[in-house]
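**Student:** So here's data.pdb, just PDB, C-alpha atoms:
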```
MODEL        1
ATOM      1  CA  MET A   1     114.373  30.030 -46.049  1.00  0.00           C
ATOM      2  CA  LYS A   2     114.358  26.710 -47.889  1.00  0.00           C
ATOM      3  CA  ILE A   3     117.097  26.483 -50.531  1.00  0.00           C
ATOM      4  CA  ALA A   4     117.376  23.528 -52.893  1.00  0.00           C
ATOM      5  CA  THR A   5     119.915  22.430 -55.480  1.00  0.00           C
ATOM      6  CA  PHE A   6     119.034  20.240 -58.460  1.00  0.00           C
ATOM      7  CA  ASN A   7     121.077  19.112 -61.454  1.00  0.00           C
ATOM      8  CA  VAL A   8     118.175  18.757 -63.891  1.00  0.00           C
ATOM      9  CA  ASN A   9     120.133  17.216 -66.805  1.00  0.00           C
ATOM     10  CA  SER A  10     118.409  19.405 -69.458  1.00  0.00           C
ATOM     11  CA  VAL A  11     115.795  21.835 -68.201  1.00  0.00           C
ATOM     12  CA  LYS A  12     113.727  21.505 -71.377  1.00  0.00           C
ATOM     13  CA  ALA A  13     113.742  17.717 -71.451  1.00  0.00           C
ATOM     14  CA  ARG A  14     112.960  17.580 -67.728  1.00  0.00           C
ATOM     15  CA  LEU A  15     110.646  20.591 -67.481  1.00  0.00           C
ATOM     16  CA  ASP A  16     107.544  18.701 -66.347  1.00  0.00           C
ATOM     17  CA  ARG A  17     109.531  16.926 -63.643  1.00  0.00           C
ATOM     18  CA  VAL A  18     111.105  20.175 -62.430  1.00  0.00           C
ATOM     19  CA  LEU A  19     107.773  22.036 -62.325  1.00  0.00           C
ATOM     20  CA  GLU A  20     106.195  19.105 -60.478  1.00  0.00           C
ATOM     21  CA  TRP A  21     109.017  19.088 -57.956  1.00  0.00           C
ATOM     22  CA  LEU A  22     108.795  22.854 -57.374  1.00  0.00           C
ATOM     23  CA  GLN A  23     105.071  22.585 -56.706  1.00  0.00           C
ATOM     24  CA  ASP A  24     105.586  19.718 -54.260  1.00  0.00           C
ATOM     25  CA  ALA A  25     108.732  20.896 -52.464  1.00  0.00           C
ATOM     26  CA  GLN A  26     108.099  24.660 -52.521  1.00  0.00           C
ATOM     27  CA  PRO A  27     111.676  25.856 -52.043  1.00  0.00           C
ATOM     28  CA  ASP A  28     112.114  29.601 -51.646  1.00  0.00           C
ATOM     29  CA  VAL A  29     115.246  29.362 -53.802  1.00  0.00           C
ATOM     30  CA  ALA A  30     116.172  26.641 -56.294  1.00  0.00           C
ATOM     31  CA  LEU A  31     119.681  26.381 -57.699  1.00  0.00           C
ATOM     32  CA  LEU A  32     119.657  24.513 -61.019  1.00  0.00           C
ATOM     33  CA  GLN A  33     122.554  22.997 -62.945  1.00  0.00           C
ATOM     34  CA  GLU A  34     123.155  21.385 -66.335  1.00  0.00           C
ATOM     35  CA  LEU A  35     120.442  23.396 -68.076  1.00  0.00           C
ATOM     36  CA  LYS A  36     121.818  22.508 -71.534  1.00  0.00           C
ATOM     37  CA  CYS A  37     120.292  25.613 -73.116  1.00  0.00           C
ATOM     38  CA  GLU A  38     121.060  29.258 -73.734  1.00  0.00           C
ATOM     39  CA  GLU A  39     119.328  31.936 -71.676  1.00  0.00           C
ATOM     40  CA  SER A  40     117.068  32.827 -74.624  1.00  0.00           C
ATOM     41  CA  ALA A  41     115.711  29.262 -74.621  1.00  0.00           C
ATOM     42  CA  PHE A  42     115.288  28.988 -70.848  1.00  0.00           C
ATOM     43  CA  PRO A  43     111.599  28.391 -69.889  1.00  0.00           C
ATOM     44  CA  ALA A  44     111.393  31.428 -67.611  1.00  0.00           C
ATOM     45  CA  MET A  45     107.655  31.955 -68.156  1.00  0.00           C
ATOM     46  CA  GLU A  46     106.802  28.477 -66.920  1.00  0.00           C
ATOM     47  CA  PHE A  47     108.715  29.123 -63.703  1.00  0.00           C
ATOM     48  CA  LYS A  48     107.198  32.576 -63.377  1.00  0.00           C
ATOM     49  CA  GLY A  49     103.816  30.880 -63.452  1.00  0.00           C
ATOM     50  CA  LEU A  50     104.782  29.170 -60.188  1.00  0.00           C
ATOM     51  CA  GLY A  51     105.996  32.434 -58.657  1.00  0.00           C
ATOM     52  CA  TYR A  52     109.701  32.155 -59.395  1.00  0.00           C
ATOM     53  CA  GLU A  53     111.918  34.735 -61.023  1.00  0.00           C
ATOM     54  CA  ALA A  54     115.058  33.471 -62.691  1.00  0.00           C
ATOM     55  CA  ALA A  55     118.685  34.478 -63.154  1.00  0.00           C
ATOM     56  CA  VAL A  56     120.372  32.352 -65.806  1.00  0.00           C
ATOM     57  CA  GLU A  57     123.869  31.679 -67.118  1.00  0.00           C
ATOM     58  CA  GLY A  58     123.186  29.466 -70.113  1.00  0.00           C
ATOM     59  CA  GLN A  59     125.133  27.654 -72.796  1.00  0.00           C
ATOM     60  CA  LYS A  60     123.906  25.824 -75.876  1.00  0.00           C
ATOM     61  CA  THR A  61     123.761  22.029 -75.422  1.00  0.00           C
ATOM     62  CA  TYR A  62     126.139  21.946 -72.446  1.00  0.00           C
ATOM     63  CA  ASN A  63     126.463  23.143 -68.861  1.00  0.00           C
ATOM     64  CA  GLY A  64     124.240  26.051 -67.744  1.00  0.00           C
ATOM     65  CA  VAL A  65     123.233  27.198 -64.252  1.00  0.00           C
ATOM     66  CA  ALA A  66     120.341  29.196 -62.829  1.00  0.00           C
ATOM     67  CA  ILE A  67     118.871  30.657 -59.669  1.00  0.00           C
ATOM     68  CA  LEU A  68     115.098  30.504 -59.207  1.00  0.00           C
ATOM     69  CA  SER A  69     113.624  32.541 -56.378  1.00  0.00           C
ATOM     70  CA  LYS A  70     110.261  33.531 -54.951  1.00  0.00           C
ATOM     71  CA  HIS A  71     111.956  36.763 -53.838  1.00  0.00           C
ATOM     72  CA  PRO A  72     113.912  39.335 -55.862  1.00  0.00           C
ATOM     73  CA  ILE A  73     117.409  38.257 -56.916  1.00  0.00           C
ATOM     74  CA  GLU A  74     119.831  41.146 -56.464  1.00  0.00           C
ATOM     75  CA  ASP A  75     123.416  41.840 -57.558  1.00  0.00           C
ATOM     76  CA  VAL A  76     123.652  38.890 -59.956  1.00  0.00           C
ATOM     77  CA  LYS A  77     127.130  37.909 -61.121  1.00  0.00           C
ATOM     78  CA  ARG A  78     127.698  35.358 -63.868  1.00  0.00           C
ATOM     79  CA  GLY A  79     130.838  33.300 -64.305  1.00  0.00           C
ATOM     80  CA  LEU A  80     133.602  32.346 -61.890  1.00  0.00           C
ATOM     81  CA  PRO A  81     136.408  34.931 -61.746  1.00  0.00           C
ATOM     82  CA  GLY A  82     140.015  34.051 -62.412  1.00  0.00           C
ATOM     83  CA  ASP A  83     140.170  32.942 -66.051  1.00  0.00           C
ATOM     84  CA  ASP A  84     138.897  35.184 -68.821  1.00  0.00           C
ATOM     85  CA  THR A  85     139.319  32.375 -71.366  1.00  0.00           C
ATOM     86  CA  ASP A  86     136.869  30.032 -69.595  1.00  0.00           C
ATOM     87  CA  ASP A  87     133.574  30.195 -71.501  1.00  0.00           C
ATOM     88  CA  HIS A  88     131.819  27.334 -69.683  1.00  0.00           C
ATOM     89  CA  ALA A  89     128.516  28.347 -68.035  1.00  0.00           C
ATOM     90  CA  ARG A  90     129.157  26.818 -64.631  1.00  0.00           C
ATOM     91  CA  TYR A  91     128.650  29.536 -62.010  1.00  0.00           C
ATOM     92  CA  ILE A  92     126.108  32.190 -61.083  1.00  0.00           C
ATOM     93  CA  GLU A  93     125.537  34.030 -57.803  1.00  0.00           C
ATOM     94  CA  GLY A  94     123.071  36.540 -56.433  1.00  0.00           C
ATOM     95  CA  THR A  95     121.573  37.831 -53.199  1.00  0.00           C
ATOM     96  CA  VAL A  96     118.123  36.770 -51.982  1.00  0.00           C
ATOM     97  CA  GLN A  97     116.703  38.211 -48.758  1.00  0.00           C
ATOM     98  CA  GLY A  98     120.207  39.070 -47.550  1.00  0.00           C
ATOM     99  CA  ILE A  99     121.654  35.624 -48.315  1.00  0.00           C
ATOM    100  CA  ARG A 100     124.307  35.307 -51.013  1.00  0.00           C
ATOM    101  CA  VAL A 101     123.555  32.162 -53.005  1.00  0.00           C
ATOM    102  CA  ALA A 102     125.501  30.525 -55.832  1.00  0.00           C
ATOM    103  CA  SER A 103     124.588  27.756 -58.247  1.00  0.00           C
ATOM    104  CA  ILE A 104     127.661  25.670 -59.081  1.00  0.00           C
ATOM    105  CA  TYR A 105     128.237  23.069 -61.776  1.00  0.00           C
ATOM    106  CA  LEU A 106     131.783  21.994 -61.094  1.00  0.00           C
ATOM    107  CA  PRO A 107     133.672  20.262 -63.939  1.00  0.00           C
ATOM    108  CA  ASN A 108     133.537  16.468 -64.027  1.00  0.00           C
ATOM    109  CA  GLY A 109     137.225  16.037 -64.808  1.00  0.00           C
ATOM    110  CA  ASN A 110     137.153  12.739 -66.687  1.00  0.00           C
ATOM    111  CA  PRO A 111     139.166  11.292 -68.285  1.00  0.00           C
ATOM    112  CA  VAL A 112     141.889  12.000 -65.759  1.00  0.00           C
ATOM    113  CA  ASP A 113     144.697  11.460 -68.279  1.00  0.00           C
ATOM    114  CA  GLY A 114     143.508  14.345 -70.482  1.00  0.00           C
ATOM    115  CA  PRO A 115     143.050  18.107 -70.121  1.00  0.00           C
ATOM    116  CA  LYS A 116     139.705  17.885 -68.307  1.00  0.00           C
ATOM    117  CA  PHE A 117     141.214  16.839 -64.974  1.00  0.00           C
ATOM    118  CA  PRO A 118     143.673  19.753 -64.700  1.00  0.00           C
ATOM    119  CA  TYR A 119     140.786  22.050 -65.713  1.00  0.00           C
ATOM    120  CA  LYS A 120     138.686  20.662 -62.852  1.00  0.00           C
ATOM    121  CA  LEU A 121     141.456  21.221 -60.304  1.00  0.00           C
ATOM    122  CA  ALA A 122     142.208  24.719 -61.603  1.00  0.00           C
ATOM    123  CA  TRP A 123     138.490  25.569 -61.479  1.00  0.00           C
ATOM    124  CA  MET A 124     138.390  24.496 -57.838  1.00  0.00           C
ATOM    125  CA  ASP A 125     141.411  26.683 -57.115  1.00  0.00           C
ATOM    126  CA  ARG A 126     139.549  29.623 -58.646  1.00  0.00           C
ATOM    127  CA  LEU A 127     136.471  28.825 -56.554  1.00  0.00           C
ATOM    128  CA  ALA A 128     138.562  28.703 -53.380  1.00  0.00           C
ATOM    129  CA  ALA A 129     140.191  32.034 -54.234  1.00  0.00           C
ATOM    130  CA  HIS A 130     136.786  33.640 -54.897  1.00  0.00           C
ATOM    131  CA  VAL A 131     135.423  32.329 -51.601  1.00  0.00           C
ATOM    132  CA  ARG A 132     138.515  33.411 -49.657  1.00  0.00           C
ATOM    133  CA  ASP A 133     139.084  36.808 -51.226  1.00  0.00           C
ATOM    134  CA  THR A 134     135.596  38.007 -52.172  1.00  0.00           C
ATOM    135  CA  LEU A 135     132.759  36.113 -50.516  1.00  0.00           C
ATOM    136  CA  LEU A 136     133.883  35.392 -46.948  1.00  0.00           C
ATOM    137  CA  PRO A 137     135.179  38.937 -46.279  1.00  0.00           C
ATOM    138  CA  THR A 138     131.609  40.237 -46.698  1.00  0.00           C
ATOM    139  CA  GLU A 139     130.672  38.336 -43.508  1.00  0.00           C
ATOM    140  CA  GLN A 140     127.182  37.704 -44.875  1.00  0.00           C
ATOM    141  CA  PRO A 141     125.344  34.369 -44.991  1.00  0.00           C
ATOM    142  CA  ILE A 142     126.616  32.532 -48.079  1.00  0.00           C
ATOM    143  CA  VAL A 143     125.148  29.328 -49.524  1.00  0.00           C
ATOM    144  CA  LEU A 144     127.140  27.638 -52.291  1.00  0.00           C
ATOM    145  CA  GLY A 145     124.954  24.870 -53.687  1.00  0.00           C
ATOM    146  CA  GLY A 146     125.260  22.630 -56.669  1.00  0.00           C
ATOM    147  CA  ASP A 147     126.697  19.627 -58.431  1.00  0.00           C
ATOM    148  CA  TYR A 148     130.279  19.611 -57.207  1.00  0.00           C
ATOM    149  CA  ASN A 149     131.206  16.395 -59.037  1.00  0.00           C
ATOM    150  CA  ILE A 150     133.135  15.450 -55.895  1.00  0.00           C
ATOM    151  CA  VAL A 151     132.586  12.346 -53.769  1.00  0.00           C
ATOM    152  CA  PRO A 152     133.957  13.614 -50.429  1.00  0.00           C
ATOM    153  CA  THR A 153     134.729  10.211 -48.844  1.00  0.00           C
ATOM    154  CA  ASP A 154     134.461   6.497 -49.567  1.00  0.00           C
ATOM    155  CA  ASP A 155     131.226   6.506 -47.527  1.00  0.00           C
ATOM    156  CA  ASP A 156     129.667   8.604 -50.307  1.00  0.00           C
ATOM    157  CA  VAL A 157     130.024   6.071 -53.137  1.00  0.00           C
ATOM    158  CA  TYR A 158     128.508   2.601 -53.509  1.00  0.00           C
ATOM    159  CA  ASP A 159     131.783   0.926 -54.576  1.00  0.00           C
ATOM    160  CA  PRO A 160     134.900   2.847 -53.494  1.00  0.00           C
ATOM    161  CA  ASP A 161     137.329   0.410 -55.090  1.00  0.00           C
ATOM    162  CA  LYS A 162     135.645   0.638 -58.474  1.00  0.00           C
ATOM    163  CA  TRP A 163     135.638   4.443 -58.359  1.00  0.00           C
ATOM    164  CA  GLN A 164     139.047   5.142 -56.818  1.00  0.00           C
ATOM    165  CA  ASP A 165     140.612   6.254 -60.104  1.00  0.00           C
ATOM    166  CA  ASP A 166     137.658   8.365 -61.242  1.00  0.00           C
ATOM    167  CA  ALA A 167     138.063  12.157 -61.208  1.00  0.00           C
ATOM    168  CA  LEU A 168     135.178  12.453 -58.739  1.00  0.00           C
ATOM    169  CA  CYS A 169     137.050  10.356 -56.159  1.00  0.00           C
ATOM    170  CA  LYS A 170     140.705  11.061 -56.910  1.00  0.00           C
ATOM    171  CA  PRO A 171     142.750  12.228 -53.901  1.00  0.00           C
ATOM    172  CA  GLU A 172     143.553  15.494 -55.688  1.00  0.00           C
ATOM    173  CA  SER A 173     139.842  16.276 -56.113  1.00  0.00           C
ATOM    174  CA  ARG A 174     139.017  15.446 -52.525  1.00  0.00           C
ATOM    175  CA  ALA A 175     141.928  17.569 -51.330  1.00  0.00           C
ATOM    176  CA  LYS A 176     140.583  20.590 -53.239  1.00  0.00           C
ATOM    177  CA  PHE A 177     137.166  20.015 -51.632  1.00  0.00           C
ATOM    178  CA  ARG A 178     138.784  19.937 -48.186  1.00  0.00           C
ATOM    179  CA  THR A 179     140.545  23.188 -49.052  1.00  0.00           C
ATOM    180  CA  LEU A 180     137.123  24.819 -49.341  1.00  0.00           C
ATOM    181  CA  LEU A 181     136.099  23.433 -45.968  1.00  0.00           C
ATOM    182  CA  ASN A 182     139.380  24.595 -44.421  1.00  0.00           C
ATOM    183  CA  LEU A 183     138.513  28.152 -45.445  1.00  0.00           C
ATOM    184  CA  GLY A 184     135.728  27.961 -42.860  1.00  0.00           C
ATOM    185  CA  LEU A 185     132.850  26.594 -44.929  1.00  0.00           C
ATOM    186  CA  THR A 186     130.498  23.958 -43.526  1.00  0.00           C
ATOM    187  CA  GLU A 187     129.190  21.058 -45.602  1.00  0.00           C
ATOM    188  CA  ALA A 188     125.527  21.238 -44.603  1.00  0.00           C
ATOM    189  CA  TRP A 189     124.382  17.656 -45.083  1.00  0.00           C
ATOM    190  CA  LYS A 190     127.425  16.162 -43.369  1.00  0.00           C
ATOM    191  CA  ALA A 191     127.130  18.580 -40.458  1.00  0.00           C
ATOM    192  CA  LEU A 192     123.619  17.332 -39.705  1.00  0.00           C
ATOM    193  CA  HIS A 193     124.259  13.680 -40.624  1.00  0.00           C
ATOM    194  CA  PRO A 194     127.790  13.081 -39.309  1.00  0.00           C
ATOM    195  CA  ASN A 195     127.461   9.312 -39.029  1.00  0.00           C
ATOM    196  CA  ALA A 196     125.394   8.638 -42.151  1.00  0.00           C
ATOM    197  CA  ALA A 197     126.937   6.564 -44.922  1.00  0.00           C
ATOM    198  CA  HIS A 198     125.913   5.496 -48.415  1.00  0.00           C
ATOM    199  CA  GLN A 199     123.276   8.150 -48.936  1.00  0.00           C
ATOM    200  CA  TYR A 200     123.337   9.372 -52.516  1.00  0.00           C
ATOM    201  CA  SER A 201     122.151  12.223 -54.745  1.00  0.00           C
ATOM    202  CA  TYR A 202     123.100  10.714 -58.146  1.00  0.00           C
ATOM    203  CA  TRP A 203     122.447   7.345 -59.750  1.00  0.00           C
ATOM    204  CA  ASP A 204     123.535   6.580 -63.306  1.00  0.00           C
ATOM    205  CA  TYR A 205     120.866   5.507 -65.789  1.00  0.00           C
ATOM    206  CA  VAL A 206     122.695   2.300 -66.710  1.00  0.00           C
ATOM    207  CA  GLN A 207     122.712  -1.189 -65.168  1.00  0.00           C
ATOM    208  CA  GLY A 208     119.822  -0.520 -62.793  1.00  0.00           C
ATOM    209  CA  ARG A 209     121.906   1.749 -60.563  1.00  0.00           C
ATOM    210  CA  TRP A 210     118.818   3.509 -59.147  1.00  0.00           C
ATOM    211  CA  GLN A 211     116.950   0.265 -58.505  1.00  0.00           C
ATOM    212  CA  LYS A 212     119.989  -1.193 -56.718  1.00  0.00           C
ATOM    213  CA  ASP A 213     120.743   2.091 -54.894  1.00  0.00           C
ATOM    214  CA  GLU A 214     124.240   2.189 -56.363  1.00  0.00           C
ATOM    215  CA  GLY A 215     124.877   5.909 -56.323  1.00  0.00           C
ATOM    216  CA  LEU A 216     127.161   8.790 -55.450  1.00  0.00           C
ATOM    217  CA  ARG A 217     126.751  11.803 -53.189  1.00  0.00           C
ATOM    218  CA  ILE A 218     128.053  14.662 -55.327  1.00  0.00           C
ATOM    219  CA  ASP A 219     125.465  17.448 -54.807  1.00  0.00           C
ATOM    220  CA  HIS A 220     126.415  19.609 -51.842  1.00  0.00           C
ATOM    221  CA  PHE A 221     125.783  22.798 -49.904  1.00  0.00           C
ATOM    222  CA  LEU A 222     128.775  24.669 -48.503  1.00  0.00           C
ATOM    223  CA  LEU A 223     127.852  27.402 -46.032  1.00  0.00           C
ATOM    224  CA  SER A 224     129.715  30.375 -44.633  1.00  0.00           C
ATOM    225  CA  PRO A 225     129.847  30.600 -40.819  1.00  0.00           C
ATOM    226  CA  GLN A 226     126.996  33.120 -40.854  1.00  0.00           C
ATOM    227  CA  ALA A 227     124.805  30.712 -42.834  1.00  0.00           C
ATOM    228  CA  ALA A 228     125.917  27.627 -40.899  1.00  0.00           C
ATOM    229  CA  ASP A 229     124.810  29.302 -37.663  1.00  0.00           C
ATOM    230  CA  ARG A 230     121.294  29.416 -39.130  1.00  0.00           C
ATOM    231  CA  LEU A 231     121.226  25.867 -40.522  1.00  0.00           C
ATOM    232  CA  GLU A 232     118.255  23.851 -39.306  1.00  0.00           C
ATOM    233  CA  GLU A 233     117.770  21.044 -41.826  1.00  0.00           C
ATOM    234  CA  CYS A 234     119.448  19.473 -44.844  1.00  0.00           C
ATOM    235  CA  GLU A 235     118.014  16.466 -46.642  1.00  0.00           C
ATOM    236  CA  ILE A 236     118.191  14.531 -49.904  1.00  0.00           C
ATOM    237  CA  ASP A 237     114.816  14.377 -51.669  1.00  0.00           C
ATOM    238  CA  LYS A 238     114.856  11.059 -53.526  1.00  0.00           C
ATOM    239  CA  THR A 239     111.279  11.280 -54.802  1.00  0.00           C
ATOM    240  CA  PRO A 240     112.016  12.944 -58.183  1.00  0.00           C
ATOM    241  CA  ARG A 241     114.605  10.291 -59.110  1.00  0.00           C
ATOM    242  CA  GLY A 242     111.923   7.603 -58.999  1.00  0.00           C
ATOM    243  CA  LYS A 243     109.626   9.405 -61.451  1.00  0.00           C
ATOM    244  CA  GLU A 244     109.258   8.687 -65.158  1.00  0.00           C
ATOM    245  CA  LYS A 245     112.034  10.190 -67.322  1.00  0.00           C
ATOM    246  CA  PRO A 246     113.913  11.685 -64.358  1.00  0.00           C
ATOM    247  CA  SER A 247     117.211  13.455 -64.072  1.00  0.00           C
ATOM    248  CA  ASP A 248     120.029  11.175 -62.963  1.00  0.00           C
ATOM    249  CA  HIS A 249     120.415  13.520 -59.963  1.00  0.00           C
ATOM    250  CA  THR A 250     117.866  14.216 -57.260  1.00  0.00           C
ATOM    251  CA  PRO A 251     117.381  17.463 -55.301  1.00  0.00           C
ATOM    252  CA  VAL A 252     119.142  18.275 -52.057  1.00  0.00           C
ATOM    253  CA  TRP A 253     117.740  21.025 -49.838  1.00  0.00           C
ATOM    254  CA  CYS A 254     118.608  22.935 -46.708  1.00  0.00           C
ATOM    255  CA  ARG A 255     116.660  25.269 -44.458  1.00  0.00           C
ATOM    256  CA  LEU A 256     118.051  28.323 -42.702  1.00  0.00           C
ATOM    257  CA  ASN A 257     116.173  29.925 -39.814  1.00  0.00           C
TER     258      ASN A 257
ENDMDL
END
```
As C-alpha cells, what does this structure read like?
**Tutor:**
Amino acid sequence: MKIATFNVNSVKARLDRVLEWLQDAQPDVALLQELKCEESAFPAMEFKGLGYEAAVEGQKTYNGVAILSKHPIEDVKRGLPGDDTDDHARYIEGTVQGIRVASIYLPNGNPVDGPKFPYKLAWMDRLAAHVRDTLLPTEQPIVLGGDYNIVPTDDDVYDPDKWQDDALCKPESRAKFRTLLNLGLTEAWKALHPNAAHQYSYWDYVQGRWQKDEGLRIDHFLLSPQAADRLEECEIDKTPRGKEKPSDHTPVWCRLN
C-alpha cells in the first residue's frame, strides 16, 4: 500500500495540482492537510472521478484535514481527543485495508511569546496520550502522516541559526516529537535515510526559497511497530513544488508491503 501525505495549502485553490499529482503518483491513500474549506465545500466529486472516496474534517478558511482512499475508509474518527474546547480541524483517522491511518495538521505555534506556542505543546501532549492509550494498544499497523510543523534536527532546516527561536525548531517542540518516538513509533523517512541531511518538504514562497533549495523538513510519517515492520520505501516527491501555482509543501509518501 502506497500512502502519501500532502499539505495542499487550500484544496480549492490547488485542486488542479492535487488532481494532477494523484493521477501521476497513484497513492492508495492520500492524507491531505490545510484544506481551508468546510466539508460541504470539499471537492469530493472530483476526487471520486479518480477513484478516491473521502473522509473530511473541514473548517472555513483555516486548517482542515482529509483522508482520500481507493479502498473503503472504515471507523472514521474526527478530532483529537483530550480537549472538548478545541474546535480546530486538525486531525482525522480511519482504517483502510486493516491499516489505521491519520491525517495530522499540527499547530504551527508561532509567535512563541503568545498563546499559540503553549497550544502547540499541549496539542502534542494530547497526540502522545492518544497514541499511547488508544492507538498502540490495538497492536494494528498505524500510520500517522501529515504536516507536523516540527523540524526534528538541525539537519532538517537550511539555516539552523536563523530558525533556532522559531516554534518549529524550539527545543520544547523537538522534545515533544521525541516523546512520540519514545512511545515506540518510527519516523519512516529517517529510518530509511539515516544519514541524509538537508532534504526538505516545505519551501516558503518568498525570497526564492524553492529556487535556492532553502527549505524545511516538516512533513512526516510516524509508524507503529506493526507498520514499521512492513515499511519498504519512503520518499519526498519534489515534482509538485516545481509546478505553476504550487503548494508551499510537497508530498511525502511511504510504501508498506
**Student:** Using the chain letters and numbers from the file, which residues does the PyMOL selection byres ((chain A and resi 142) around 9) grab, as a ChimeraX atom specification?
**Tutor:** /A:95,99-102,135-136,139-141,143-144,222-228
**Student:** Quick one: write out the picked residues with C-alpha atoms as a tab-separated table (two decimals), keeping the file's coordinate frame?
**Tutor:**
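Dumped everything to out-v1.tsv:
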```
chain	number	residue	atom	x	y	z
A	95	THR	CA	121.57	37.83	-53.20
A	99	ILE	CA	121.65	35.62	-48.32
A	100	ARG	CA	124.31	35.31	-51.01
A	101	VAL	CA	123.56	32.16	-53.00
A	102	ALA	CA	125.50	30.52	-55.83
A	135	LEU	CA	132.76	36.11	-50.52
A	136	LEU	CA	133.88	35.39	-46.95
A	139	GLU	CA	130.67	38.34	-43.51
A	140	GLN	CA	127.18	37.70	-44.88
A	141	PRO	CA	125.34	34.37	-44.99
A	143	VAL	CA	125.15	29.33	-49.52
A	144	LEU	CA	127.14	27.64	-52.29
A	222	LEU	CA	128.78	24.67	-48.50
A	223	LEU	CA	127.85	27.40	-46.03
A	224	SER	CA	129.72	30.38	-44.63
A	225	PRO	CA	129.85	30.60	-40.82
A	226	GLN	CA	127.00	33.12	-40.85
A	227	ALA	CA	124.80	30.71	-42.83
A	228	ALA	CA	125.92	27.63	-40.90
```
**Student:** Please identify all polymer residues within 9 Å of Leu183 of chain A, counting only C-alpha atoms, omitting same-chain residues fewer than 5 positions from it, and present them as a list of chain:residue names.
**Tutor:**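 Listed by chain and then number, they are A:Ala128, A:Val131, A:Arg132, A:Leu136, A:Arg178.
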**Student:** I'd like the contact shell of Pro81 of chain A - 10 Å cut-off, only C-alpha atoms, skipping same-chain residues fewer than 3 positions apart - returned as a PyMOL selection string.
**Tutor:** chain A and resi 77-78+84+86+91+123+126-127+129-130
**Student:** Quick one: write out the picked residues with C-alpha atoms as a PDB file, keeping the file's coordinate frame?
**Tutor:**
```pdb
ATOM      1  CA  LYS A  77     127.130  37.909 -61.121  1.00  0.00           C
ATOM      2  CA  ARG A  78     127.698  35.358 -63.868  1.00  0.00           C
ATOM      3  CA  ASP A  84     138.897  35.184 -68.821  1.00  0.00           C
ATOM      4  CA  ASP A  86     136.869  30.032 -69.595  1.00  0.00           C
ATOM      5  CA  TYR A  91     128.650  29.536 -62.010  1.00  0.00           C
ATOM      6  CA  TRP A 123     138.490  25.569 -61.479  1.00  0.00           C
ATOM      7  CA  ARG A 126     139.549  29.623 -58.646  1.00  0.00           C
ATOM      8  CA  LEU A 127     136.471  28.825 -56.554  1.00  0.00           C
ATOM      9  CA  ALA A 129     140.191  32.034 -54.234  1.00  0.00           C
ATOM     10  CA  HIS A 130     136.786  33.640 -54.897  1.00  0.00           C
TER      11      HIS A 130
END
```
**Student:** Quick one: residues within 10 Å of Asp125 of chain A, only C-alpha atoms, excluding same-chain residues fewer than 5 positions away - as an MDAnalysis selection string?
**Tutor:** chainID A and resid 82 119:120 130:131 176:177 179:180
**Student:** Mind dumping the selected residues with C-alpha atoms as a PDB file, keeping the file's coordinate frame?
**Tutor:**
```pdb
ATOM      1  CA  GLY A  82     140.015  34.051 -62.412  1.00  0.00           C
ATOM      2  CA  TYR A 119     140.786  22.050 -65.713  1.00  0.00           C
ATOM      3  CA  LYS A 120     138.686  20.662 -62.852  1.00  0.00           C
ATOM      4  CA  HIS A 130     136.786  33.640 -54.897  1.00  0.00           C
ATOM      5  CA  VAL A 131     135.423  32.329 -51.601  1.00  0.00           C
ATOM      6  CA  LYS A 176     140.583  20.590 -53.239  1.00  0.00           C
ATOM      7  CA  PHE A 177     137.166  20.015 -51.632  1.00  0.00           C
ATOM      8  CA  THR A 179     140.545  23.188 -49.052  1.00  0.00           C
ATOM      9  CA  LEU A 180     137.123  24.819 -49.341  1.00  0.00           C
TER      10      LEU A 180
END
```
**Student:** Can you work out the spacing between atom CA of Trp210 of chain A and atom CA of Asp237 of chain A in Å, to one decimal?
**Tutor:**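 Value for the atom CA of Trp210 of chain A-atom CA of Asp237 of chain A distance: 13.8 Å.
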**Student:** Could you jot down the atom CA of Tyr105 of chain A to atom CA of Ile236 of chain A separation for me, Å, one decimal place?
**Tutor:**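 Pair atom CA of Tyr105 of chain A / atom CA of Ile236 of chain A returns 17.7 Å.
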**Student:** Can you list, as a list in words, the residues that the PyMOL selection byres ((chain A and resi 248-256) around 6) selects here?
**Tutor:**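 Applied to this file, the PyMOL selection byres ((chain A and resi 248-256) around 6) returns Met1, Lys2, Ile3, Ala4, Thr5, Phe6, Asn7, Ser201, Tyr202, Trp203, Asp204, Arg230, Leu231, Glu232, Glu233, Cys234, Glu235, Ile236, Asp237, Lys238, Arg241, Ser247 and Asn257 of chain A.
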**Student:** Which is closest to Glu214 of chain A among A:Ala122, A:Ala25, A:Val157, A:Ala89, if we use only C-alpha atoms?
**Tutor:**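 Checking each of A:Ala122, A:Ala25, A:Val157, A:Ala89 against Glu214 of chain A, counting only C-alpha atoms, the winner is A:Val157.
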**Student:** For Asn110 of chain A, please output as a PyMOL selection string all residues within 10 Å (counting all atoms listed in the file; exclusion window: fewer than 2 positions along the same chain).
**Tutor:** chain A and resi 107-108+112-118+120+165-168
**Student:** Hey, which of A:Val29, A:Val96, A:Ile104, A:Ala44 ends up closest to Val65 of chain A? Count all atoms listed in the file.
**Tutor:** A:Ile104
**Student:** Find the residues near Tyr148 of chain A: any atom within 6 Å, counting only C-alpha atoms, skip ones fewer than 6 places away on the same chain, and give them as an mmCIF file with C-alpha atoms, in the coordinates of the input.
**Tutor:**
```cif
data_model
loop_
_atom_site.group_PDB
_atom_site.id
_atom_site.type_symbol
_atom_site.label_atom_id
_atom_site.label_comp_id
_atom_site.auth_asym_id
_atom_site.auth_seq_id
_atom_site.Cartn_x
_atom_site.Cartn_y
_atom_site.Cartn_z
ATOM 1 C CA LEU A 106 131.783 21.994 -61.094
ATOM 2 C CA ILE A 218 128.053 14.662 -55.327
ATOM 3 C CA ASP A 219 125.465 17.448 -54.807
#
```
